[in-house]
Every structure is written in structure tokens, then in C-alpha cells.
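A.B. asks: To start, I am sharing the structure in question, which I have written as C-alpha cells.
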Amino acid sequence: MFNKERRFIAGAVCPRCNQMDKIVVFTEDGKDYRACVSCDFKEQMFLQSTPRELETRVNRTAEEKQAEVQPVKLIDPGK
């Protein structure tokens, strides 16, 4: 799931030394790990499934966007 290169996880706190922004994730021998660069903490991660992407207005399908369209009624201000 992760690349071989290590990636920092913003806001993550190490469970051993409690320092923030020191956790990296990486793949080694086909297994996913998280590790701390400040202490010797290293743990294999067991992910149940691929995390789903959060729904935003950018990644919705065209059908979902069409369902939200509502007609606009114009009112004549002269009446």
C-alpha cells in the first residue's frame, strides 16, 4: 500500500516517546510499517482494507452532481 520511501504522517504522535510529527510509514518486504525517527519504535500495520477516499465536490461522479441541480424561479420585481 505504501511506497518503499518513508513518508512522514503529519500530526501523528509516537506511542512510545510521545513526540509529534516523528512517525513515518513505509513498505518493507511487502509489509506495511510505521516507525518513529526519534526512538526505536517500529510496528507492522495490519490494514483491514484500503482506506476509502473522503467524498468531496471534486471526486463525485457526474450522476451525483446532476441529482443536486435545482431549478431557479425568477420573480418579476415590477409586480
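The chains in the C-alpha cells are called A, B, ... from first to last as shown; in each chain the residues are counted from 1, and the ligands are counted from 1 in the order shown.
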So which residues touch range 4-15 of chain A within 7 Å, counting only C-alpha atoms, skipping near sequence neighbours fewer than 2 positions away, as a compact mmCIF listing (two decimals) with C-alpha atoms, in the first residue's frame?

C.D. replies:
# COMPACT_ATOMS: atom_id res chain seq x y z
CA PHE A 2 2.79 2.44 0.87
CA CYS A 17 8.16 8.56 23.16
CA ASN A 18 5.02 10.75 22.69
CA GLN A 19 6.74 13.10 20.24
CA MET A 20 4.61 14.60 17.49
CA ASP A 21 5.49 14.52 13.77
CA LYS A 22 8.15 11.82 14.13
CA ILE A 23 6.17 8.87 12.66
CA VAL A 24 6.96 7.58 9.17
CA VAL A 25 5.18 4.88 7.15
CA PHE A 26 6.81 2.62 4.61
CA THR A 27 6.67 -0.81 2.98
CA GLU A 28 9.36 -3.41 3.53
CA CYS A 36 9.45 6.67 14.89

A.B. asks: Quick one: everything within 9 Å of Glu43 in chain A, counting only C-alpha atoms, minus sequence neighbours fewer than 3 positions away in the same chain. Send it as a VMD selection string.

C.D. replies: chain A and resid 32 to 35

A.B. asks: May I have the residues from that selection written out with N, CA and C atoms, as a CSV table (one decimal), in the first residue's frame?

C.D. replies:
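Below is the file selection.csv, written as the result:
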chain,number,residue,atom,x,y,z
A,32,ASP,N,3.5,-3.4,5.5
A,32,ASP,CA,3.4,-2.0,5.8
A,32,ASP,C,3.9,-1.8,7.3
A,33,TYR,N,4.7,-0.8,7.5
A,33,TYR,CA,5.2,-0.5,8.8
A,33,TYR,C,5.0,1.0,9.2
A,34,ARG,N,5.0,1.3,10.4
A,34,ARG,CA,5.1,2.6,10.9
A,34,ARG,C,6.3,2.6,11.9
A,35,ALA,N,7.0,3.7,11.9
A,35,ALA,CA,8.2,3.8,12.8
A,35,ALA,C,8.4,5.2,13.2

A.B. asks: Provide the CA of Met45 in chain A to CA of Asn59 in chain A distance in Å, to one decimal place.

C.D. replies: 27.5 Å

A.B. asks: In chain A, what's strand (DSSP E or B) per DSSP? Answer as a ChimeraX atom specification?

C.D. replies: /A:7-8,13,20,23-28,31-36,42-44

A.B. asks: Write out the residues from the selection above, keeping N, CA and C atoms, as a compact mmCIF listing (two decimals), in the first residue's frame.

C.D. replies:
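What ended up in again.txt:
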# COMPACT_ATOMS: atom_id res chain seq x y z
N ARG A 7 7.44 8.06 4.40
CA ARG A 7 6.63 9.28 4.36
C ARG A 7 6.24 9.65 5.78
N PHE A 8 6.42 10.92 6.13
CA PHE A 8 6.01 11.40 7.45
C PHE A 8 4.49 11.56 7.49
N VAL A 13 1.46 11.00 16.65
CA VAL A 13 2.24 11.00 17.89
C VAL A 13 2.77 9.59 18.11
N MET A 20 5.46 14.39 18.64
CA MET A 20 4.61 14.60 17.49
C MET A 20 5.44 14.78 16.23
N ILE A 23 6.58 10.17 13.18
CA ILE A 23 6.17 8.87 12.66
C ILE A 23 6.28 8.86 11.14
N VAL A 24 6.88 7.80 10.61
CA VAL A 24 6.96 7.58 9.17
C VAL A 24 6.27 6.26 8.85
N VAL A 25 5.75 6.14 7.63
CA VAL A 25 5.18 4.88 7.15
C VAL A 25 5.95 4.46 5.91
N PHE A 26 6.08 3.15 5.74
CA PHE A 26 6.81 2.62 4.61
C PHE A 26 6.48 1.15 4.43
N THR A 27 6.87 0.61 3.28
CA THR A 27 6.67 -0.81 2.98
C THR A 27 8.04 -1.48 2.90
N GLU A 28 8.12 -2.66 3.54
CA GLU A 28 9.36 -3.41 3.53
C GLU A 28 9.01 -4.88 3.38
N LYS A 31 5.28 -5.73 3.42
CA LYS A 31 4.51 -5.47 4.63
C LYS A 31 4.57 -3.98 4.95
N ASP A 32 3.48 -3.44 5.48
CA ASP A 32 3.41 -2.02 5.83
C ASP A 32 3.85 -1.81 7.27
N TYR A 33 4.68 -0.80 7.49
CA TYR A 33 5.19 -0.49 8.83
C TYR A 33 5.01 0.98 9.15
N ARG A 34 4.98 1.27 10.44
CA ARG A 34 5.12 2.65 10.93
C ARG A 34 6.26 2.62 11.93
N ALA A 35 7.03 3.71 11.93
CA ALA A 35 8.20 3.76 12.80
C ALA A 35 8.42 5.20 13.24
N CYS A 36 9.13 5.35 14.36
CA CYS A 36 9.45 6.67 14.89
C CYS A 36 10.92 6.95 14.58
N LYS A 42 9.04 0.57 16.17
CA LYS A 42 8.70 0.11 14.82
C LYS A 42 7.59 -0.92 14.98
N GLU A 43 6.54 -0.79 14.16
CA GLU A 43 5.39 -1.68 14.30
C GLU A 43 4.83 -1.99 12.92
N GLN A 44 4.48 -3.25 12.71
CA GLN A 44 3.83 -3.62 11.45
C GLN A 44 2.37 -3.21 11.53

A.B. asks: In Å, how far is it from CA of Gly30 in chain A to CA of Leu47 in chain A?

C.D. replies: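 So the two atoms, CA of Gly30 in chain A and CA of Leu47 in chain A, lie 12.8 Å apart.
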
A.B. asks: If you run DSSP over the backbone, which residues in chain A end up helix (DSSP H, G or I)? Put them as a PyMOL selection string.

C.D. replies: chain A and resi 62-67
